[in-house]
$ cat target20.pdb   # PDB, C-alpha atoms
ATOM      1  CA  MET A   1     -15.022 -22.933 -21.078
ATOM      2  CA  SER A   2     -15.145 -19.615 -22.869
ATOM      3  CA  ASP A   3     -11.861 -18.011 -23.869
ATOM      4  CA  ALA A   4     -10.439 -15.558 -21.381
ATOM      5  CA  ILE A   5      -9.677 -12.132 -22.792
ATOM      6  CA  SER A   6      -7.886  -9.272 -21.138
ATOM      7  CA  ALA A   7      -9.680  -6.033 -20.268
ATOM      8  CA  LEU A   8      -8.552  -3.897 -23.214
ATOM      9  CA  SER A   9      -7.425  -6.548 -25.732
ATOM     10  CA  GLY A  10      -3.835  -5.340 -25.845
ATOM     11  CA  ALA A  11      -4.530  -1.603 -26.216
ATOM     12  CA  HIS A  12      -1.441   0.367 -27.153
ATOM     13  CA  ALA A  13      -0.452   4.021 -27.077
ATOM     14  CA  THR A  14       2.748   5.711 -28.136
ATOM     15  CA  GLY A  15       3.780   9.006 -26.627
ATOM     16  CA  TYR A  16       7.157   9.822 -25.158
ATOM     17  CA  VAL A  17       6.912   6.400 -23.568
ATOM     18  CA  THR A  18       4.835   3.494 -24.854
ATOM     19  CA  VAL A  19       1.900   2.060 -22.940
ATOM     20  CA  THR A  20       0.720  -1.442 -23.753
ATOM     21  CA  GLU A  21      -1.864  -3.581 -22.076
ATOM     22  CA  ALA A  22       0.181  -6.646 -21.235
ATOM     23  CA  GLY A  23      -2.597  -9.203 -21.677
ATOM     24  CA  LEU A  24      -3.589 -12.021 -19.407
ATOM     25  CA  ARG A  25      -1.541 -12.775 -16.352
ATOM     26  CA  GLY A  26      -2.228 -15.352 -13.686
ATOM     27  CA  MET A  27      -2.392 -13.625 -10.310
ATOM     28  CA  ILE A  28      -2.961 -15.210  -6.943
ATOM     29  CA  THR A  29      -3.504 -13.398  -3.686
ATOM     30  CA  LEU A  30      -1.966 -15.254  -0.784
ATOM     31  CA  ARG A  31      -2.531 -14.068   2.757
ATOM     32  CA  GLY A  32      -1.191 -15.565   5.924
ATOM     33  CA  ASP A  33       1.805 -15.499   8.218
ATOM     34  CA  LEU A  34       4.649 -14.761   5.785
ATOM     35  CA  GLY A  35       7.148 -16.146   8.263
ATOM     36  CA  ALA A  36       5.466 -19.547   8.522
ATOM     37  CA  THR A  37       7.627 -22.441   7.346
ATOM     38  CA  LYS A  38       4.775 -24.088   5.445
ATOM     39  CA  LEU A  39       3.930 -20.910   3.568
ATOM     40  CA  LYS A  40       7.553 -20.190   2.718
ATOM     41  CA  ALA A  41       8.002 -23.712   1.381
ATOM     42  CA  ALA A  42       4.792 -23.530  -0.687
ATOM     43  CA  VAL A  43       5.848 -20.239  -2.308
ATOM     44  CA  LYS A  44       9.326 -21.572  -2.995
ATOM     45  CA  LYS A  45       7.892 -24.659  -4.653
ATOM     46  CA  LEU A  46       5.387 -22.768  -6.796
ATOM     47  CA  ILE A  47       7.419 -19.739  -7.852
ATOM     48  CA  GLY A  48      10.967 -20.972  -7.379
ATOM     49  CA  ALA A  49      11.791 -17.954  -5.236
ATOM     50  CA  ASP A  50      11.818 -17.069  -1.561
ATOM     51  CA  VAL A  51       9.121 -14.965   0.104
ATOM     52  CA  PRO A  52      10.280 -11.427  -0.667
ATOM     53  CA  LEU A  53      11.339  -8.965   1.980
ATOM     54  CA  VAL A  54       9.300  -5.840   2.674
ATOM     55  CA  ARG A  55       8.248  -4.113  -0.590
ATOM     56  CA  GLN A  56      10.401  -6.421  -2.685
ATOM     57  CA  ASN A  57       9.363  -8.108  -5.865
ATOM     58  CA  THR A  58      11.011 -11.285  -7.109
ATOM     59  CA  VAL A  59      10.663 -12.389 -10.689
ATOM     60  CA  ASN A  60      11.693 -15.837 -11.822
ATOM     61  CA  ALA A  61      11.195 -16.207 -15.604
ATOM     62  CA  ASP A  62       7.411 -16.192 -16.166
ATOM     63  CA  ARG A  63       6.693 -16.353 -12.448
ATOM     64  CA  GLY A  64       7.018 -13.830  -9.702
ATOM     65  CA  VAL A  65       6.086 -12.968  -6.171
ATOM     66  CA  ALA A  66       5.504  -9.468  -4.824
ATOM     67  CA  TRP A  67       5.226  -8.253  -1.223
ATOM     68  CA  MET A  68       1.859  -6.511  -0.827
ATOM     69  CA  SER A  69       1.512  -6.029   2.934
ATOM     70  CA  PRO A  70       2.884  -7.628   6.119
ATOM     71  CA  ASP A  71       0.503 -10.554   5.587
ATOM     72  CA  GLU A  72      -0.121 -10.570   1.860
ATOM     73  CA  LEU A  73       1.731 -11.684  -1.245
ATOM     74  CA  LEU A  74       0.823 -11.430  -4.912
ATOM     75  CA  LEU A  75       1.938 -14.486  -6.842
ATOM     76  CA  MET A  76       2.242 -14.261 -10.613
ATOM     77  CA  VAL A  77       2.089 -17.332 -12.792
ATOM     78  CA  PRO A  78       1.093 -18.030 -16.419
ATOM     79  CA  HIS A  79      -2.640 -17.343 -16.753
ATOM     80  CA  ALA A  80      -3.582 -20.909 -17.700
ATOM     81  CA  GLU A  81      -1.904 -22.305 -14.591
ATOM     82  CA  ALA A  82      -3.544 -20.015 -12.031
ATOM     83  CA  GLU A  83      -6.378 -22.381 -11.077
ATOM     84  CA  SER A  84      -4.132 -25.390 -10.607
ATOM     85  CA  CYS A  85      -1.662 -23.268  -8.623
ATOM     86  CA  VAL A  86      -4.447 -22.140  -6.292
ATOM     87  CA  ALA A  87      -5.417 -25.754  -5.726
ATOM     88  CA  ALA A  88      -1.798 -26.729  -5.091
ATOM     89  CA  LEU A  89      -1.334 -23.870  -2.625
ATOM     90  CA  ALA A  90      -4.574 -24.634  -0.786
ATOM     91  CA  LYS A  91      -3.450 -28.241  -0.441
ATOM     92  CA  ALA A  92       0.042 -27.314   0.701
ATOM     93  CA  LEU A  93      -1.313 -24.891   3.300
ATOM     94  CA  THR A  94      -3.996 -27.150   4.763
ATOM     95  CA  GLY A  95      -4.098 -26.707   8.513
ATOM     96  CA  THR A  96      -2.369 -23.294   8.358
ATOM     97  CA  HIS A  97      -4.363 -20.095   8.741
ATOM     98  CA  HIS A  98      -4.313 -18.638   5.233
ATOM     99  CA  LEU A  99      -6.315 -17.292   2.315
ATOM    100  CA  VAL A 100      -5.573 -18.048  -1.296
ATOM    101  CA  ALA A 101      -7.604 -16.708  -4.209
ATOM    102  CA  ASN A 102      -7.262 -16.594  -7.966
ATOM    103  CA  VAL A 103      -7.603 -12.909  -8.850
ATOM    104  CA  SER A 104      -6.259 -13.182 -12.416
ATOM    105  CA  ASP A 105      -9.439 -12.006 -14.083
ATOM    106  CA  ALA A 106      -9.990  -9.195 -11.595
ATOM    107  CA  ARG A 107      -6.848  -7.388 -12.723
ATOM    108  CA  ALA A 108      -5.366  -5.567 -15.681
ATOM    109  CA  VAL A 109      -1.646  -5.234 -16.371
ATOM    110  CA  PHE A 110       0.076  -2.506 -18.370
ATOM    111  CA  ARG A 111       3.653  -2.307 -19.558
ATOM    112  CA  VAL A 112       5.117   1.181 -19.716
ATOM    113  CA  GLU A 113       8.381   1.450 -21.605
ATOM    114  CA  GLY A 114      10.740   4.338 -22.218
ATOM    115  CA  ALA A 115      13.474   6.382 -20.632
ATOM    116  CA  ALA A 116      10.900   8.665 -18.949
ATOM    117  CA  VAL A 117       8.926   5.867 -17.323
ATOM    118  CA  ARG A 118       9.561   7.234 -13.813
ATOM    119  CA  GLU A 119       8.290  10.649 -14.820
ATOM    120  CA  VAL A 120       5.080   9.294 -16.329
ATOM    121  CA  LEU A 121       4.312   7.280 -13.193
ATOM    122  CA  ALA A 122       5.197  10.225 -10.969
ATOM    123  CA  LYS A 123       2.553  12.282 -12.738
ATOM    124  CA  ILE A 124      -0.234   9.990 -11.575
ATOM    125  CA  SER A 125       1.003   8.760  -8.204
ATOM    126  CA  PRO A 126       2.226  10.322  -4.941
ATOM    127  CA  ALA A 127       4.904   7.621  -4.563
ATOM    128  CA  ASP A 128       8.614   8.407  -4.456
ATOM    129  CA  LEU A 129       9.854   7.487  -7.948
ATOM    130  CA  SER A 130      13.376   8.827  -7.650
ATOM    131  CA  PRO A 131      16.070   6.214  -8.405
ATOM    132  CA  ALA A 132      17.085   6.467  -4.743
ATOM    133  CA  GLY A 133      13.556   5.813  -3.526
ATOM    134  CA  PHE A 134      12.399   3.172  -5.971
ATOM    135  CA  ALA A 135      14.533   0.661  -7.817
ATOM    136  CA  PRO A 136      13.959  -2.376 -10.029
ATOM    137  CA  GLY A 137      13.151  -5.289  -7.724
ATOM    138  CA  GLN A 138      10.836  -3.230  -5.544
ATOM    139  CA  VAL A 139       7.073  -3.088  -5.683
ATOM    140  CA  CYS A 140       5.008  -0.020  -4.894
ATOM    141  CA  ARG A 141       1.363  -0.183  -3.898
ATOM    142  CA  THR A 142      -0.101   3.238  -4.260
ATOM    143  CA  ARG A 143      -2.726   5.461  -5.771
ATOM    144  CA  LEU A 144      -3.003   6.067  -9.527
ATOM    145  CA  ALA A 145      -4.900   9.363  -9.672
ATOM    146  CA  GLN A 146      -8.242   8.263  -8.215
ATOM    147  CA  VAL A 147      -7.867   4.489  -8.036
ATOM    148  CA  ALA A 148      -5.690   1.957  -6.254
ATOM    149  CA  GLY A 149      -2.854   0.364  -8.173
ATOM    150  CA  ALA A 150       0.606  -1.093  -7.932
ATOM    151  CA  PHE A 151       3.695  -1.041 -10.089
ATOM    152  CA  TRP A 152       7.248  -2.278 -10.250
ATOM    153  CA  LEU A 153      10.189  -1.702 -12.527
ATOM    154  CA  THR A 154      11.516  -4.690 -14.459
ATOM    155  CA  ASP A 155      14.474  -2.559 -15.494
ATOM    156  CA  ASP A 156      15.322   1.140 -15.423
ATOM    157  CA  GLU A 157      13.142   1.891 -18.450
ATOM    158  CA  THR A 158      10.288  -0.567 -18.082
ATOM    159  CA  ALA A 159       7.485  -0.622 -15.548
ATOM    160  CA  GLU A 160       4.540  -2.923 -15.102
ATOM    161  CA  VAL A 161       1.409  -1.342 -13.708
ATOM    162  CA  VAL A 162      -1.379  -3.394 -12.147
ATOM    163  CA  CYS A 163      -4.884  -2.199 -11.380
ATOM    164  CA  PHE A 164      -8.372  -3.592 -10.971
ATOM    165  CA  ARG A 165      -9.915  -4.732 -14.225
ATOM    166  CA  SER A 166     -12.981  -2.564 -13.675
ATOM    167  CA  VAL A 167     -10.804   0.559 -13.909
ATOM    168  CA  ALA A 168      -8.518  -0.687 -16.700
ATOM    169  CA  ALA A 169      -9.821   1.835 -19.238
ATOM    170  CA  TYR A 170      -9.391   4.656 -16.721
ATOM    171  CA  VAL A 171      -5.802   3.685 -15.905
ATOM    172  CA  PHE A 172      -4.954   3.217 -19.580
ATOM    173  CA  GLY A 173      -6.347   6.694 -20.194
ATOM    174  CA  LEU A 174      -4.224   8.099 -17.367
ATOM    175  CA  LEU A 175      -1.049   6.505 -18.683
ATOM    176  CA  GLU A 176      -1.796   7.473 -22.261
ATOM    177  CA  HIS A 177      -2.595  11.038 -21.304
ATOM    178  CA  SER A 178       0.407  11.552 -19.034
ATOM    179  CA  SER A 179       2.784  10.169 -21.676
ATOM    180  CA  ARG A 180       1.583  12.309 -24.587
ATOM    181  CA  THR A 181       4.337  13.834 -26.652
ATOM    182  CA  GLY A 182       4.669  17.463 -25.700
ATOM    183  CA  SER A 183       3.748  16.914 -22.062
ATOM    184  CA  GLU A 184       7.293  16.088 -20.935
ATOM    185  CA  VAL A 185       8.276  17.607 -17.611
ATOM    186  CA  GLU A 186      11.926  16.602 -18.015
ATOM    187  CA  TYR A 187      12.259  16.412 -14.281
ATOM    188  CA  SER A 188      15.357  14.589 -13.188
TER     189      SER A 188
ATOM    190  CA  MET B   1       1.346  18.227   2.376
ATOM    191  CA  LEU B   2       1.513  15.683   5.162
ATOM    192  CA  LEU B   3       3.911  12.734   4.892
ATOM    193  CA  LEU B   4       3.619   9.939   7.442
ATOM    194  CA  ASN B   5       6.021   7.040   7.591
ATOM    195  CA  CYS B   6       4.009   3.825   7.658
ATOM    196  CA  PRO B   7       5.609   1.548  10.275
ATOM    197  CA  CYS B   8       4.122  -1.514   8.549
ATOM    198  CA  CYS B   9       5.726  -1.083   5.126
ATOM    199  CA  GLY B  10       8.271   1.668   5.704
ATOM    200  CA  VAL B  11       6.932   3.992   3.002
ATOM    201  CA  ASP B  12       6.796   7.734   3.547
ATOM    202  CA  ALA B  13       3.162   7.838   2.575
ATOM    203  CA  ASP B  14       1.545  10.938   1.185
ATOM    204  CA  GLU B  15      -1.595  12.183   2.909
ATOM    205  CA  THR B  16      -3.643  11.261  -0.176
ATOM    206  CA  GLU B  17      -2.604   7.610   0.222
ATOM    207  CA  LEU B  18      -3.909   7.527   3.767
ATOM    208  CA  ALA B  19      -7.282   7.397   5.468
ATOM    209  CA  ALA B  20      -7.670   9.227   8.768
ATOM    210  CA  GLY B  21      -9.130   7.236  11.655
ATOM    211  CA  GLY B  22      -9.580   9.829  14.384
ATOM    212  CA  GLU B  23      -8.130   9.975  17.866
ATOM    213  CA  ALA B  24      -5.900   7.150  19.047
ATOM    214  CA  HIS B  25      -5.685   5.419  22.427
ATOM    215  CA  LEU B  26      -9.406   5.607  23.187
ATOM    216  CA  LYS B  27     -10.789   3.200  25.726
ATOM    217  CA  ARG B  28     -13.435   1.229  23.904
ATOM    218  CA  GLU B  29     -16.580   1.075  26.021
ATOM    219  CA  THR B  30     -18.832  -1.879  25.412
ATOM    220  CA  VAL B  31     -21.791  -3.814  26.782
ATOM    221  CA  GLY B  32     -22.442  -2.919  30.408
ATOM    222  CA  ALA B  33     -20.760   0.485  30.250
ATOM    223  CA  GLU B  34     -22.367   3.496  31.848
ATOM    224  CA  ASP B  35     -24.259   5.707  29.396
ATOM    225  CA  GLU B  36     -21.959   8.600  30.096
ATOM    226  CA  ALA B  37     -18.835   6.545  29.504
ATOM    227  CA  PHE B  38     -20.283   5.216  26.277
ATOM    228  CA  GLU B  39     -21.207   8.681  25.104
ATOM    229  CA  ALA B  40     -17.696   9.874  25.887
ATOM    230  CA  TYR B  41     -16.217   6.984  23.918
ATOM    231  CA  LEU B  42     -18.447   7.665  20.932
ATOM    232  CA  PHE B  43     -18.527  11.433  20.767
ATOM    233  CA  MET B  44     -16.327  13.284  23.219
ATOM    234  CA  ARG B  45     -12.939  14.244  21.831
ATOM    235  CA  ASP B  46     -10.320  16.535  23.321
ATOM    236  CA  ASN B  47      -9.335  18.074  19.981
ATOM    237  CA  PRO B  48      -6.585  20.214  21.471
ATOM    238  CA  ARG B  49      -4.913  22.896  19.446
ATOM    239  CA  GLY B  50      -1.531  21.294  18.933
ATOM    240  CA  VAL B  51      -0.374  17.783  19.791
ATOM    241  CA  HIS B  52      -2.658  14.967  18.602
ATOM    242  CA  PHE B  53      -2.340  11.211  18.662
ATOM    243  CA  GLU B  54      -4.174   9.831  15.693
ATOM    244  CA  ARG B  55      -5.076   6.606  13.954
ATOM    245  CA  TRP B  56      -4.258   6.388  10.268
ATOM    246  CA  ARG B  57      -4.685   3.654   7.708
ATOM    247  CA  HIS B  58      -2.326   3.231   4.779
ATOM    248  CA  ALA B  59      -5.373   2.715   2.594
ATOM    249  CA  TYR B  60      -3.805   2.816  -0.858
ATOM    250  CA  GLY B  61      -0.618   1.091   0.264
ATOM    251  CA  CYS B  62      -0.237  -1.884   2.562
ATOM    252  CA  GLY B  63      -3.722  -1.396   3.991
ATOM    253  CA  LYS B  64      -2.594  -1.462   7.620
ATOM    254  CA  TRP B  65      -3.497   0.780  10.534
ATOM    255  CA  PHE B  66      -0.855   2.664  12.447
ATOM    256  CA  LEU B  67      -0.689   5.530  14.936
ATOM    257  CA  ALA B  68       0.904   8.927  14.560
ATOM    258  CA  ALA B  69       1.817  11.770  16.888
ATOM    259  CA  ARG B  70       1.697  15.154  15.220
ATOM    260  CA  ASP B  71       0.904  18.780  15.762
ATOM    261  CA  THR B  72      -2.285  19.862  14.021
ATOM    262  CA  VAL B  73      -1.246  23.513  14.043
ATOM    263  CA  THR B  74       2.272  23.273  12.625
ATOM    264  CA  LEU B  75       1.757  19.869  10.903
ATOM    265  CA  GLU B  76       5.007  18.738  12.515
ATOM    266  CA  VAL B  77       5.122  14.954  12.775
ATOM    267  CA  PHE B  78       6.721  13.642  15.956
ATOM    268  CA  GLY B  79       6.631  10.021  14.890
ATOM    269  CA  THR B  80       4.542   7.038  13.857
ATOM    270  CA  TYR B  81       4.253   3.730  15.647
ATOM    271  CA  PRO B  82       2.400   0.404  15.358
ATOM    272  CA  ALA B  83      -1.329   0.259  16.077
ATOM    273  CA  GLN B  84      -0.744  -2.550  18.563
ATOM    274  CA  THR B  85       0.492  -0.042  21.127
ATOM    275  CA  LYS B  86      -1.425   0.926  24.257
ATOM    276  CA  LYS B  87       0.357   4.245  24.727
ATOM    277  CA  PRO B  88       2.842   6.362  22.787
ATOM    278  CA  PRO B  89       6.403   4.966  22.836
ATOM    279  CA  LYS B  90       8.797   6.565  25.308
ATOM    280  CA  ALA B  91      10.980   7.968  22.506
ATOM    281  CA  ILE B  92       8.073   9.928  21.048
ATOM    282  CA  GLU B  93       6.959  11.116  24.465
ATOM    283  CA  ASN B  94      10.477  12.331  25.266
ATOM    284  CA  ALA B  95      10.817  14.109  21.931
ATOM    285  CA  LEU B  96       7.467  15.755  22.538
ATOM    286  CA  LYS B  97       8.389  16.956  26.023
ATOM    287  CA  LYS B  98      11.549  18.459  24.622
ATOM    288  CA  LYS B  99       9.866  20.266  21.755
ATOM    289  CA  ARG B 100       6.682  21.230  23.580
ATOM    290  CA  PRO B 101       7.575  21.926  27.224
ATOM    291  CA  ASP B 102       3.994  23.038  27.932
ATOM    292  CA  TRP B 103       2.493  19.795  26.593
ATOM    293  CA  LYS B 104       0.376  18.176  29.318
ATOM    294  CA  GLY B 105       0.919  14.514  28.453
ATOM    295  CA  TRP B 106      -0.941  12.103  26.241
ATOM    296  CA  ALA B 107      -3.661  10.814  28.545
TER     297      ALA B 107
END

$ encode --input "target20.pdb" --output "structure tokens"
Amino acid sequence: MSDAISALSGAHATGYVTVTEAGLRGMITLRGDLGATKLKAAVKKLIGADVPLVRQNTVNADRGVAWMSPDELLLMVPHAEAESCVAALAKALTGTHHLVANVSDARAVFRVEGAAVREVLAKISPADLSPAGFAPGQVCRTRLAQVAGAFWLTDDETAEVVCFRSVAAYVFGLLEHSSRTGSEVEYS
Amino acid sequence: MLLLNCPCCGVDADETELAAGGEAHLKRETVGAEDEAFEAYLFMRDNPRGVHFERWRHAYGCGKWFLAARDTVTLEVFGTYPAQTKKPPKAIENALKKKRPDWKGWA
């Protein structure tokens, strides 16, 4: 098989926060009844964490699970394991109404780091990024200027931004542009 | 700016995150319906100046449909509620009657 490469090969920009393409990440879309015992058990087994509550994001070392909608989860695993995880999930959920798909190569992931990370994201999204409205451990599915995207904070100064791979260059441009030195809003 | 609280994910979603879906609580005419009834279902809308019940989709967020009661003149939002609802919840209806005594009811 040919080697998988990420959309922008680790592109990096330094402004008043840094923007880095985070490379390959295994991502699995799982849809179904999030309250079903079988589904809960399968997620627990694969990720080592419970199905998150509404808009929560659980990270367990190199794995994670994010709440995407009332019937959808985004599972994150090491890229090389995505295919086998999909197979394991499909097997575990046999007989239950569900959908599981490996979307790893349909996505791009960016890491945005710096004290002003909330401000940079607030420039490109209508979401509430105040500390009261959005905290580490939550996931936000929203709009990044003209495209769909999602992000979460891993700590108070680090965010991970996910978008479709086809718009990776656009989103990198957005993040790079809105974090240019000299464009600080200093909103707090 | 219009902010609607999505009952499916709890986010106060900005208008630009949402897709409008037109009037809510329409009776869907189908095979066997009279032509006039079908035409009314497809094209005829009340479009009053004031209180509207609308369908919205949280398109950039959780992707789910929900319903909202709001005033199209003042942009006041009276409330949002799940799409799996045949008529506006009592609480919204009561709030509406209080705020808009001349409102003629939802149907």

$ interface_residues --input "target20.pdb" --of "chain B" --to "chain A" --cutoff "8 Å" --atoms "only C-alpha atoms" --output "list in words"
Cys8, Cys9, Ala13, Asp14, Thr16, Glu17, Tyr60, Gly61, Cys62, Gly63 and Lys64 of chain B

$ write_last_selection --input "target20.pdb" --atoms "C-alpha atoms" --output "tab-separated table (two decimals), in the frame of the given file"
chain	number	residue	atom	x	y	z
B	8	CYS	CA	4.12	-1.51	8.55
B	9	CYS	CA	5.73	-1.08	5.13
B	13	ALA	CA	3.16	7.84	2.58
B	14	ASP	CA	1.54	10.94	1.18
B	16	THR	CA	-3.64	11.26	-0.18
B	17	GLU	CA	-2.60	7.61	0.22
B	60	TYR	CA	-3.80	2.82	-0.86
B	61	GLY	CA	-0.62	1.09	0.26
B	62	CYS	CA	-0.24	-1.88	2.56
B	63	GLY	CA	-3.72	-1.40	3.99
B	64	LYS	CA	-2.59	-1.46	7.62

$ resolve_selection --input "target20.pdb" --expression "the PyMOL selection byres ((chain B and resi 65-76) around 6)" --output "list of chain:residue names"
B:Gly50, B:Val51, B:His52, B:Phe53, B:Glu54, B:Arg55, B:Trp56, B:Arg57, B:Lys64, B:Val77, B:Phe78, B:Gly79, B:Thr80, B:Tyr81, B:Pro82, B:Ala83

$ resolve_selection --input "target20.pdb" --expression "the PyMOL selection byres ((chain A and resi 66) around 7)" --output "list in words"
Pro52, Gln56, Asn57, Thr58, Gly64, Val65, Trp67, Met68, Leu73, Leu74, Leu75 and Val139 of chain A

$ atom_distance --input "target20.pdb" --atom1 "CA of Asp62 (chain A)" --atom2 "CA of Ile124 (chain A)"
27.7 Å

$ atom_distance --input "target20.pdb" --atom1 "CA of Thr85 (chain B)" --atom2 "CA of Arg28 (chain B)"
14.3 Å

$ atom_distance --input "target20.pdb" --atom1 "CA of Leu129 (chain A)" --atom2 "CA of Gly173 (chain A)"
20.3 Å

$ residues_around --input "target20.pdb" --residues "region 36-48 of chain B" --least-positions-apart "5" --cutoff "8 Å" --atoms "all atoms listed in the file" --output "JSON, numbers by chain"
{"B": [23, 26, 27, 28, 29, 30]}

$ residues_around --input "target20.pdb" --residues "Ser178 (chain A)" --least-positions-apart "2" --cutoff "8 Å" --atoms "only C-alpha atoms" --output "ChimeraX atom specification"
/A:120,123-124,174-176,180,183

$ closest_residue --input "target20.pdb" --among "B:Gly22, B:Trp106, B:Val11, B:Ala33" --to "Lys86 (chain B)" --atoms "all atoms listed in the file"
B:Trp106

$ residues_around --input "target20.pdb" --residues "Lys38 (chain A)" --least-positions-apart "2" --cutoff "10 Å" --atoms "only C-alpha atoms" --output "number ranges by chain"
A: 33-36, 40-44, 92-96

$ resolve_selection --input "target20.pdb" --expression "the PyMOL selection byres ((chain A and resi 14) around 10)" --output "ChimeraX atom specification"
/A:12-13,15-20,112-113,176,179-181

$ closest_residue --input "target20.pdb" --among "A:Ala82, A:Leu53, A:Thr154, A:Arg63" --to "Ala135 (chain A)" --atoms "only C-alpha atoms"
A:Thr154

$ closest_residue --input "target20.pdb" --among "A:Gly114, A:Gly48, A:Gly26, A:Gly10" --to "His79 (chain A)" --atoms "all atoms listed in the file"
A:Gly26

$ closest_residue --input "target20.pdb" --among "B:Lys104, B:His25, B:Arg49, B:Lys98" --to "Gln84 (chain B)" --atoms "only C-alpha atoms"
B:His25

$ residues_around --input "target20.pdb" --residues "Ala159 (chain A)" --least-positions-apart "3" --cutoff "10 Å" --atoms "only C-alpha atoms" --output "JSON, numbers by chain"
{"A": [19, 110, 111, 112, 113, 114, 117, 118, 121, 136, 151, 152, 153, 154, 155, 156, 162]}

$ build_atoms --input "target20.pdb" --residues "region 110-123 of chain A" --atoms "N, CA, C and O atoms" --output "PDB file, keeping the file's coordinate frame"
ATOM      1  N   PHE A 110      -0.446  -3.353 -17.295  1.00  0.00           N
ATOM      2  CA  PHE A 110       0.076  -2.506 -18.370  1.00  0.00           C
ATOM      3  C   PHE A 110       1.589  -2.512 -18.321  1.00  0.00           C
ATOM      4  O   PHE A 110       2.179  -2.571 -17.247  1.00  0.00           O
ATOM      5  N   ARG A 111       2.202  -2.449 -19.508  1.00  0.00           N
ATOM      6  CA  ARG A 111       3.653  -2.307 -19.558  1.00  0.00           C
ATOM      7  C   ARG A 111       3.953  -0.905 -20.081  1.00  0.00           C
ATOM      8  O   ARG A 111       3.426  -0.499 -21.104  1.00  0.00           O
ATOM      9  N   VAL A 112       4.746  -0.179 -19.329  1.00  0.00           N
ATOM     10  CA  VAL A 112       5.117   1.181 -19.716  1.00  0.00           C
ATOM     11  C   VAL A 112       6.612   1.169 -19.991  1.00  0.00           C
ATOM     12  O   VAL A 112       7.400   0.796 -19.125  1.00  0.00           O
ATOM     13  N   GLU A 113       6.979   1.547 -21.214  1.00  0.00           N
ATOM     14  CA  GLU A 113       8.381   1.450 -21.605  1.00  0.00           C
ATOM     15  C   GLU A 113       8.900   2.772 -22.145  1.00  0.00           C
ATOM     16  O   GLU A 113       8.235   3.411 -22.959  1.00  0.00           O
ATOM     17  N   GLY A 114      10.096   3.127 -21.721  1.00  0.00           N
ATOM     18  CA  GLY A 114      10.740   4.338 -22.218  1.00  0.00           C
ATOM     19  C   GLY A 114      11.622   4.943 -21.150  1.00  0.00           C
ATOM     20  O   GLY A 114      11.471   4.642 -19.958  1.00  0.00           O
ATOM     21  N   ALA A 115      12.523   5.800 -21.573  1.00  0.00           N
ATOM     22  CA  ALA A 115      13.474   6.382 -20.632  1.00  0.00           C
ATOM     23  C   ALA A 115      12.770   7.208 -19.563  1.00  0.00           C
ATOM     24  O   ALA A 115      13.243   7.330 -18.439  1.00  0.00           O
ATOM     25  N   ALA A 116      11.587   7.766 -19.885  1.00  0.00           N
ATOM     26  CA  ALA A 116      10.900   8.665 -18.949  1.00  0.00           C
ATOM     27  C   ALA A 116       9.832   7.937 -18.140  1.00  0.00           C
ATOM     28  O   ALA A 116       8.892   8.561 -17.631  1.00  0.00           O
ATOM     29  N   VAL A 117       9.980   6.638 -17.988  1.00  0.00           N
ATOM     30  CA  VAL A 117       8.926   5.867 -17.323  1.00  0.00           C
ATOM     31  C   VAL A 117       8.671   6.355 -15.884  1.00  0.00           C
ATOM     32  O   VAL A 117       7.526   6.435 -15.428  1.00  0.00           O
ATOM     33  N   ARG A 118       9.733   6.742 -15.190  1.00  0.00           N
ATOM     34  CA  ARG A 118       9.561   7.234 -13.813  1.00  0.00           C
ATOM     35  C   ARG A 118       8.728   8.516 -13.793  1.00  0.00           C
ATOM     36  O   ARG A 118       7.880   8.719 -12.935  1.00  0.00           O
ATOM     37  N   GLU A 119       9.002   9.375 -14.763  1.00  0.00           N
ATOM     38  CA  GLU A 119       8.290  10.649 -14.820  1.00  0.00           C
ATOM     39  C   GLU A 119       6.791  10.433 -15.073  1.00  0.00           C
ATOM     40  O   GLU A 119       5.943  11.061 -14.436  1.00  0.00           O
ATOM     41  N   VAL A 120       6.486   9.536 -16.002  1.00  0.00           N
ATOM     42  CA  VAL A 120       5.080   9.294 -16.329  1.00  0.00           C
ATOM     43  C   VAL A 120       4.322   8.751 -15.116  1.00  0.00           C
ATOM     44  O   VAL A 120       3.206   9.173 -14.815  1.00  0.00           O
ATOM     45  N   LEU A 121       4.959   7.829 -14.384  1.00  0.00           N
ATOM     46  CA  LEU A 121       4.312   7.280 -13.193  1.00  0.00           C
ATOM     47  C   LEU A 121       4.195   8.338 -12.099  1.00  0.00           C
ATOM     48  O   LEU A 121       3.193   8.394 -11.385  1.00  0.00           O
ATOM     49  N   ALA A 122       5.214   9.187 -12.008  1.00  0.00           N
ATOM     50  CA  ALA A 122       5.197  10.225 -10.969  1.00  0.00           C
ATOM     51  C   ALA A 122       4.077  11.230 -11.203  1.00  0.00           C
ATOM     52  O   ALA A 122       3.605  11.874 -10.264  1.00  0.00           O
ATOM     53  N   LYS A 123       3.639  11.346 -12.459  1.00  0.00           N
ATOM     54  CA  LYS A 123       2.553  12.282 -12.738  1.00  0.00           C
ATOM     55  C   LYS A 123       1.224  11.810 -12.153  1.00  0.00           C
ATOM     56  O   LYS A 123       0.331  12.619 -11.911  1.00  0.00           O
TER      57      LYS A 123
END
